[in-house]
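Asks: Starting off with a structure, shown below.
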Amino acid sequence: MANIIAFLLGLIALILAIPAFIPLLGWLNWLILVIAGTGIAFGAASSKNSGRNFCIVVAVICAVRLWLGGGII
């Protein structure tokens with residue numbers, strides 16, 4: 001059950017990440033990192049790794065976007 005919750009949180013974060021790549025909406029990545037971090041926590045509680053790994057990929061993508069934009073943009 002925790003794996004399904006982690007996967008759903010990762011999917012929500014991924015859907016929110018699409019508009020976050022538009023310039024001046026990079027601040028949305030901070031919210032996405034919180035959602036993906038929650039998904040990682042749920043995925044760590046599960047015996048399966050797929051939901052956790054999906055959330056890690058989404059979090060890394062958003063963190064790189066934040067790093068390239070200077071943390072805000």
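As shown in the structure tokens, the chain order sets the letters A, B, ...; within each chain, residues go from 1, and ligands are also counted from 1 in the order they appear.
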If you count only C-alpha atoms, which residues fall within 8 Å of Ile32 of chain A, apart from same-chain ones fewer than 3 positions away, as JSON, numbers by chain?

Replies: {"A": [13, 14, 16, 17, 28, 29, 35, 36, 59, 62]}

Asks: Near Leu68 of chain A, within 12 Å and counting only C-alpha atoms, which residues show up once chain neighbours fewer than 5 positions away are dropped, as a PyMOL selection string?

Replies: chain A and resi 21+23+26+29+61-63+73

Asks: Just C-alpha atoms for this one: save the residues we selected as a PDB file, in the first residue's frame.

Replies:
ATOM      1  CA  PHE A  21       9.891  24.117 -16.478  1.00  0.00           C
ATOM      2  CA  PRO A  23      10.583  30.298 -16.997  1.00  0.00           C
ATOM      3  CA  GLY A  26      10.729  27.544 -11.100  1.00  0.00           C
ATOM      4  CA  ASN A  29       9.949  23.039  -7.887  1.00  0.00           C
ATOM      5  CA  ILE A  61      14.948  16.299 -12.096  1.00  0.00           C
ATOM      6  CA  CYS A  62      13.391  19.145 -10.117  1.00  0.00           C
ATOM      7  CA  ALA A  63      16.525  19.680  -8.040  1.00  0.00           C
ATOM      8  CA  ILE A  73      13.783  31.177 -11.328  1.00  0.00           C
TER       9      ILE A  73
END

Asks: What is the distance, in Å and to one decimal place, between atom CA of Pro19 of chain A and atom CA of Leu33 of chain A?

Replies: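 Atom-to-atom, atom CA of Pro19 of chain A and atom CA of Leu33 of chain A are spaced 14.3 Å apart.
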
Asks: For Phe42 of chain A, which residue out of A:Leu25, A:Trp30, A:Phe54, A:Gly71 is the nearest one, using only C-alpha atoms?

Replies: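 Checking each of A:Leu25, A:Trp30, A:Phe54, A:Gly71 against Phe42 of chain A, counting only C-alpha atoms, the winner is A:Phe54.
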
Asks: Enumerate the residues of chain A with a DSSP assignment of alpha helix (DSSP H), computed from the backbone, and present them as a VMD selection string.

Replies: chain A and resid 2 to 20 28 to 44 50 to 68

Asks: Only C-alpha atoms, please: the residues just picked out, written as a compact mmCIF listing (two decimals), in the first residue's frame.

Replies:
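Result saved to part_39.txt:
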# COMPACT_ATOMS: atom_id res chain seq x y z
CA ALA A 2 2.83 2.41 0.83
CA ASN A 3 4.37 1.73 -2.58
CA ILE A 4 1.13 2.73 -4.32
CA ILE A 5 0.93 5.94 -2.27
CA ALA A 6 4.56 6.72 -3.11
CA PHE A 7 3.91 6.14 -6.81
CA LEU A 8 0.80 8.37 -6.75
CA LEU A 9 2.71 11.15 -4.98
CA GLY A 10 5.46 10.82 -7.57
CA LEU A 11 2.90 11.03 -10.36
CA ILE A 12 1.37 14.18 -8.85
CA ALA A 13 4.84 15.68 -8.52
CA LEU A 14 5.65 14.80 -12.13
CA ILE A 15 2.44 16.40 -13.40
CA LEU A 16 3.26 19.55 -11.42
CA ALA A 17 6.82 19.48 -12.78
CA ILE A 18 5.65 20.03 -16.35
CA PRO A 19 4.59 23.68 -15.87
CA ALA A 20 7.53 24.23 -13.50
CA LEU A 28 7.05 25.51 -8.05
CA ASN A 29 9.95 23.04 -7.89
CA TRP A 30 10.25 23.67 -4.14
CA LEU A 31 6.70 22.37 -3.68
CA ILE A 32 7.45 19.44 -5.96
CA LEU A 33 10.51 18.53 -3.88
CA VAL A 34 8.35 18.40 -0.75
CA ILE A 35 5.76 16.19 -2.46
CA ALA A 36 8.44 13.90 -3.90
CA GLY A 37 10.21 13.78 -0.52
CA THR A 38 6.98 12.63 1.09
CA GLY A 39 6.70 9.98 -1.62
CA ILE A 40 10.26 8.88 -0.91
CA ALA A 41 9.37 8.49 2.76
CA PHE A 42 6.33 6.37 1.92
CA GLY A 43 8.39 4.35 -0.54
CA ALA A 44 11.02 3.69 2.10
CA SER A 50 9.51 1.15 -7.60
CA GLY A 51 7.49 3.99 -6.03
CA ARG A 52 10.48 5.24 -4.07
CA ASN A 53 12.75 5.14 -7.12
CA PHE A 54 10.17 7.00 -9.22
CA CYS A 55 9.96 9.75 -6.59
CA ILE A 56 13.75 9.95 -6.43
CA VAL A 57 13.92 10.45 -10.21
CA VAL A 58 11.29 13.22 -10.08
CA ALA A 59 13.07 14.90 -7.15
CA VAL A 60 16.43 14.79 -8.93
CA ILE A 61 14.95 16.30 -12.10
CA CYS A 62 13.39 19.14 -10.12
CA ALA A 63 16.53 19.68 -8.04
CA VAL A 64 18.62 20.00 -11.20
CA ARG A 65 16.08 22.48 -12.59
CA LEU A 66 16.32 24.50 -9.37
CA TRP A 67 20.12 24.39 -9.49
CA LEU A 68 20.18 25.60 -13.09
